[in-house]
file query-v8.csv (CSV, C-alpha atoms)
chain,number,residue,atom,x,y,z
A,1,MET,CA,159.1,140.8,43.2
A,2,LEU,CA,160.6,142.6,40.2
A,3,ARG,CA,157.1,143.7,39.0
A,4,ASP,CA,156.3,145.1,42.4
A,5,LEU,CA,159.6,147.0,42.4
A,6,GLY,CA,158.8,148.4,39.0
A,7,SER,CA,155.3,149.5,40.1
A,8,ALA,CA,156.6,151.1,43.2
A,9,SER,CA,159.3,152.9,41.2
A,10,VAL,CA,156.8,154.3,38.7
A,11,GLN,CA,154.6,155.6,41.6
A,12,ILE,CA,157.7,157.3,43.2
A,13,VAL,CA,158.6,158.9,39.9
A,14,HIS,CA,155.0,160.1,39.5
A,15,ASP,CA,155.1,161.7,42.9
A,16,LEU,CA,158.5,163.3,42.2
A,17,LYS,CA,157.1,164.7,38.9
A,18,ASN,CA,154.2,166.3,40.9
A,19,GLN,CA,156.7,167.9,43.3
A,20,LEU,CA,158.7,169.3,40.5
A,21,ASN,CA,155.6,170.8,39.0
A,22,GLY,CA,155.0,172.5,42.3
A,23,LEU,CA,158.5,173.8,42.4
A,24,LYS,CA,158.0,175.2,38.9
A,25,LEU,CA,155.0,177.1,40.1
A,26,TYR,CA,157.0,178.7,42.9
A,27,ALA,CA,159.8,179.5,40.4
A,28,THR,CA,157.4,181.1,38.0
A,29,PHE,CA,156.0,183.2,40.8
A,30,LEU,CA,159.5,184.4,41.7
A,31,ARG,CA,160.3,185.2,38.0
A,32,LYS,CA,157.2,187.4,37.8
A,33,ARG,CA,158.3,189.2,41.0
A,34,LEU,CA,161.8,189.7,39.7
A,35,GLU,CA,160.4,191.1,36.4
A,36,LYS,CA,158.1,193.6,38.2
A,37,ALA,CA,161.0,194.7,40.6
A,38,GLU,CA,163.3,195.1,37.5
A,39,ARG,CA,166.0,193.0,39.1
A,40,PRO,CA,169.3,192.5,37.3
A,41,ALA,CA,169.3,190.5,34.1
A,42,ASP,CA,171.5,187.7,35.5
A,43,GLU,CA,169.0,187.0,38.3
A,44,GLN,CA,166.1,186.8,35.8
A,45,GLU,CA,168.2,184.6,33.5
A,46,THR,CA,169.0,182.3,36.4
A,47,ILE,CA,165.4,181.8,37.4
A,48,ALA,CA,164.5,181.2,33.7
A,49,LYS,CA,167.2,178.4,33.5
A,50,LEU,CA,165.8,177.0,36.8
A,51,ILE,CA,162.3,176.8,35.3
A,52,SER,CA,163.6,175.3,32.1
A,53,GLY,CA,165.4,172.6,34.0
A,54,LEU,CA,162.4,171.8,36.1
A,55,GLU,CA,160.2,171.5,32.9
A,56,ARG,CA,162.7,169.1,31.3
A,57,ALA,CA,163.0,167.0,34.4
A,58,ALA,CA,159.2,166.8,34.7
A,59,ALA,CA,158.8,165.9,31.0
A,60,ASP,CA,161.4,163.1,31.3
A,61,MET,CA,159.7,161.7,34.4
A,62,THR,CA,156.3,161.8,32.5
A,63,VAL,CA,157.9,159.6,29.8
A,64,LEU,CA,159.3,157.2,32.4
A,65,VAL,CA,155.9,156.9,34.1
A,66,ARG,CA,154.2,156.3,30.8
A,67,PHE,CA,156.8,153.7,29.8
A,68,GLY,CA,156.2,151.8,33.0
A,69,ARG,CA,152.4,151.6,32.6
A,70,GLN,CA,150.2,149.6,30.3
A,71,LEU,CA,149.4,151.3,27.0
A,72,GLU,CA,145.7,151.9,26.3
A,73,LEU,CA,145.0,152.4,22.6
A,74,ARG,CA,142.1,154.5,21.5
A,75,ARG,CA,142.0,153.4,17.8
A,76,GLN,CA,140.2,155.5,15.2
A,77,PRO,CA,139.5,153.7,11.9
A,78,GLY,CA,140.5,155.6,8.9
A,79,THR,CA,143.3,157.5,10.6
A,80,ASP,CA,145.6,159.1,7.9
A,81,LEU,CA,149.1,157.8,8.6
A,82,ALA,CA,150.6,160.2,5.9
A,83,ARG,CA,149.3,163.2,7.9
A,84,LEU,CA,150.7,161.9,11.1
A,85,VAL,CA,154.1,161.3,9.5
A,86,ALA,CA,154.1,164.7,7.8
A,87,ASP,CA,153.3,166.5,11.1
A,88,SER,CA,155.9,164.5,13.0
A,89,ALA,CA,158.7,165.3,10.4
A,90,ASP,CA,158.8,168.8,12.0
A,91,GLY,CA,160.9,170.5,9.3
A,92,THR,CA,162.7,167.4,8.1
A,93,PRO,CA,162.0,166.9,4.4
A,94,PHE,CA,159.1,164.4,3.9
A,95,GLU,CA,158.0,162.4,0.9
A,96,ALA,CA,155.2,159.9,0.4
A,97,ASP,CA,155.1,157.3,-2.3
A,98,GLY,CA,151.6,155.9,-3.1
A,99,GLY,CA,148.7,155.8,-0.8
A,100,PRO,CA,146.2,156.0,0.7
A,101,PHE,CA,147.7,155.2,4.1
A,102,GLU,CA,144.7,154.8,6.3
A,103,GLY,CA,144.7,152.5,9.3
A,104,ASP,CA,143.1,151.7,12.7
A,105,PHE,CA,145.5,153.8,14.8
A,106,ASP,CA,145.4,155.8,18.0
A,107,PRO,CA,146.3,159.1,16.4
A,108,ALA,CA,147.6,160.8,19.6
A,109,LEU,CA,149.8,157.9,20.7
A,110,LEU,CA,151.1,157.1,17.2
A,111,ALA,CA,151.8,160.8,16.6
A,112,GLU,CA,153.9,160.9,19.8
A,113,ALA,CA,155.8,157.8,18.7
A,114,LEU,CA,156.6,159.2,15.3
A,115,LYS,CA,157.8,162.5,16.8
A,116,ASN,CA,160.0,160.7,19.3
A,117,ILE,CA,161.6,158.6,16.5
A,118,THR,CA,162.1,161.8,14.4
A,119,ALA,CA,163.9,163.5,17.3
A,120,GLY,CA,165.9,160.3,18.0
A,121,ALA,CA,166.9,160.1,14.3
A,122,ARG,CA,168.2,163.7,14.6
A,123,GLY,CA,170.5,162.7,17.5
A,124,GLU,CA,169.1,165.5,19.7
A,125,GLY,CA,170.1,168.1,17.2
A,126,GLU,CA,173.7,166.9,16.8
A,127,ALA,CA,175.2,166.9,13.3
A,128,ASN,CA,174.9,163.6,11.4
A,129,GLU,CA,178.4,162.1,11.4
A,130,ALA,CA,177.9,160.6,7.9
A,131,GLY,CA,176.9,163.9,6.5
A,132,VAL,CA,173.8,162.4,4.9
A,133,ALA,CA,170.9,164.7,4.4
A,134,GLN,CA,168.1,163.6,6.7
A,135,ARG,CA,164.6,162.9,5.3
A,136,VAL,CA,161.5,161.0,6.2
A,137,ARG,CA,159.8,158.7,3.6
A,138,LEU,CA,156.5,156.9,3.7
A,139,SER,CA,155.7,154.1,1.2
A,140,GLY,CA,153.4,151.2,0.8
A,141,GLU,CA,154.6,147.6,1.3
A,142,GLY,CA,152.2,144.7,0.9
A,143,SER,CA,149.2,145.2,3.2
A,144,GLY,CA,151.0,147.8,5.3
A,145,ALA,CA,153.2,150.9,5.2
A,146,VAL,CA,156.8,151.7,5.9
A,147,VAL,CA,158.0,154.9,7.5
A,148,GLU,CA,161.8,155.5,7.0
A,149,TRP,CA,164.1,158.0,8.6
A,150,LEU,CA,167.0,158.3,6.3
A,151,GLY,CA,170.4,159.8,7.3
A,152,ALA,CA,169.6,159.0,10.9
A,153,ALA,CA,172.3,159.8,13.6
A,154,VAL,CA,172.5,156.2,14.9
A,155,SER,CA,175.7,154.7,16.2
A,156,ASP,CA,176.8,151.3,14.7
A,157,GLY,CA,176.1,148.4,16.9
A,158,GLU,CA,173.6,150.3,19.1
A,159,ASP,CA,169.9,149.6,19.0
A,160,PRO,CA,168.2,153.0,19.5
A,161,PHE,CA,165.0,151.3,20.6
A,162,ARG,CA,166.7,149.3,23.4
A,163,SER,CA,169.5,151.5,24.6
A,164,LEU,CA,167.4,153.3,27.3
A,165,ALA,CA,170.3,155.8,27.3
A,166,GLY,CA,168.9,159.0,28.8
A,167,ALA,CA,165.7,160.7,27.9
A,168,THR,CA,166.1,160.2,24.2
A,169,GLY,CA,166.6,156.4,24.6
A,170,LEU,CA,163.6,156.2,26.9
A,171,ARG,CA,161.4,158.1,24.3
A,172,MET,CA,162.6,155.8,21.5
A,173,ALA,CA,161.8,152.7,23.6
A,174,LEU,CA,158.3,154.1,24.3
A,175,ALA,CA,157.9,154.8,20.6
A,176,ALA,CA,158.8,151.2,19.8
A,177,ARG,CA,156.2,149.9,22.3
A,178,ILE,CA,153.5,152.2,20.7
A,179,VAL,CA,154.3,150.9,17.2
A,180,ARG,CA,154.3,147.3,18.3
A,181,ALA,CA,150.9,147.8,20.1
A,182,HIS,CA,149.5,148.8,16.7
A,183,GLY,CA,150.7,145.5,15.3
A,184,GLY,CA,153.8,147.0,13.7
A,185,GLU,CA,157.6,146.7,14.1
A,186,VAL,CA,160.6,148.9,14.3
A,187,SER,CA,164.2,148.4,13.2
A,188,HIS,CA,167.4,150.1,12.1
A,189,GLU,CA,170.4,149.6,10.0
A,190,GLY,CA,173.3,152.0,9.4
A,191,GLY,CA,171.8,155.5,9.0
A,192,ARG,CA,168.3,154.2,8.4
A,193,ILE,CA,165.5,153.7,10.9
A,194,TRP,CA,162.1,152.3,9.9
A,195,ALA,CA,158.7,151.4,11.3
A,196,ARG,CA,156.3,149.0,9.6
A,197,LEU,CA,152.6,149.5,10.3
A,198,PRO,CA,149.5,147.6,9.1
A,199,LEU,CA,146.9,149.5,7.0
A,200,GLN,CA,143.2,149.0,6.6
A,201,GLN,CA,142.2,146.6,3.8

call {"tool": "encode", "arguments": {"input": "query-v8.csv", "output": "structure tokens"}}
result
Amino acid sequence: MLRDLGSASVQIVHDLKNQLNGLKLYATFLRKRLEKAERPADEQETIAKLISGLERAAADMTVLVRFGRQLELRRQPGTDLARLVADSADGTPFEADGGPFEGDFDPALLAEALKNITAGARGEGEANEAGVAQRVRLSGEGSGAVVEWLGAAVSDGEDPFRSLAGATGLRMALAARIVRAHGGEVSHEGGRIWARLPLQQ
């Protein structure tokens, strides 16, 4: 019963996402008409905010649909984890200790997971309460690698991978599923979040 309810909910959310995308097309059409007619700036700003809101809602619904469906990994042997982590750091200082860091990963899915964890570690752009400089570090550990997000904006007593609080919580939960599907694990403690992933031997 619960599984059926979940499947139905995912389908409803998928349909709503499609409707939002349709509304975005209409709003984009109106924006172009307003620009051509040289309408007042406040009207153009309002339609731009409407489009932005529709885009955010559709993106959040996409994450919810993907979270509710089975993951299908397309592994590529020899995928460079260091490159994926560096790309996902997105301006956050990144350092790698050792290497090589090659594994049988789905580069697209793992890149998405790493980007979502980086965004979650930043606390959606909020200042870090502890005032610790944020950085991402990659190092070898046994037969695997550890990616660490140091200075993360994580509240004490709250598991960022299980909270499901808002869009960020959902993205963090999806990221944890992706890492686990690769045979890895995620955890956190204080201002530190980390993910362990197996490497090719």

call {"tool": "atom_distance", "arguments": {"input": "query-v8.csv", "atom1": "atom CA of A:Val65", "atom2": "atom CA of A:Glu148"}}
result
27.8 Å

call {"tool": "atom_distance", "arguments": {"input": "query-v8.csv", "atom1": "atom CA of A:Glu72", "atom2": "atom CA of A:Glu158"}}
result
28.9 Å

call {"tool": "closest_residue", "arguments": {"input": "query-v8.csv", "among": "A:Val136, A:Leu114, A:Ala152, A:Leu170", "to": "A:Asp60", "atoms": "all atoms listed in the file"}}
result
A:Leu170

call {"tool": "residues_around", "arguments": {"input": "query-v8.csv", "residues": "A:Val179", "least_positions_apart": "5", "cutoff": "7 Å", "atoms": "only C-alpha atoms", "output": "VMD selection string"}}
result
chain A and resid 110 184 to 185

call {"tool": "closest_residue", "arguments": {"input": "query-v8.csv", "among": "A:Gly99, A:Pro40, A:Gly68, A:Gly123", "to": "A:Ser139", "atoms": "all atoms listed in the file"}}
result
A:Gly99

call {"tool": "closest_residue", "arguments": {"input": "query-v8.csv", "among": "A:Gly120, A:Pro198, A:Gly183, A:Gly144", "to": "A:Gly98", "atoms": "all atoms listed in the file"}}
result
A:Gly144

call {"tool": "residues_around", "arguments": {"input": "query-v8.csv", "residues": "stretch 86-95 of chain A", "least_positions_apart": "4", "cutoff": "9 Å", "atoms": "only C-alpha atoms", "output": "list in words"}}
result
Leu81, Ala82, Ala111, Glu112, Ala113, Leu114, Lys115, Asn116, Ile117, Thr118, Ala119, Gln134, Arg135, Val136, Arg137, Leu138 and Ser139 of chain A

call {"tool": "atom_distance", "arguments": {"input": "query-v8.csv", "atom1": "atom CA of A:Arg171", "atom2": "atom CA of A:Trp149"}}
result
15.9 Å

call {"tool": "closest_residue", "arguments": {"input": "query-v8.csv", "among": "A:Phe161, A:Val146, A:Arg180, A:Asp104", "to": "A:Gln200", "atoms": "only C-alpha atoms"}}
result
A:Asp104

call {"tool": "residues_around", "arguments": {"input": "query-v8.csv", "residues": "stretch 46-50 of chain A", "least_positions_apart": "6", "cutoff": "8 Å", "atoms": "all atoms listed in the file", "output": "list in words"}}
result
Ala27, Leu30 and Arg31 of chain A

call {"tool": "closest_residue", "arguments": {"input": "query-v8.csv", "among": "A:Leu164, A:Leu199, A:Leu64, A:Ile51", "to": "A:Gly142", "atoms": "all atoms listed in the file"}}
result
A:Leu199

call {"tool": "closest_residue", "arguments": {"input": "query-v8.csv", "among": "A:Arg39, A:Ala167, A:Ala57, A:Asp97", "to": "A:Val147", "atoms": "all atoms listed in the file"}}
result
A:Asp97

call {"tool": "closest_atom_pairs", "arguments": {"input": "query-v8.csv", "of": "stretch 45-100 of chain A", "to": "stretch 17-24 of chain A", "cutoff": "8 Å", "atoms": "all atoms listed in the file", "output": "Markdown table"}}
result
| residue | atom | partner | partner_atom | distance |
| --- | --- | --- | --- | --- |
| A:Ile51 | CA | A:Lys24 | CA | 5.8 |
| A:Leu54 | CA | A:Lys24 | CA | 6.2 |
| A:Glu55 | CA | A:Lys24 | CA | 7.4 |
| A:Ala57 | CA | A:Lys17 | CA | 7.8 |
| A:Ala58 | CA | A:Lys17 | CA | 5.1 |
| A:Met61 | CA | A:Lys17 | CA | 6.0 |
| A:Thr62 | CA | A:Lys17 | CA | 7.1 |
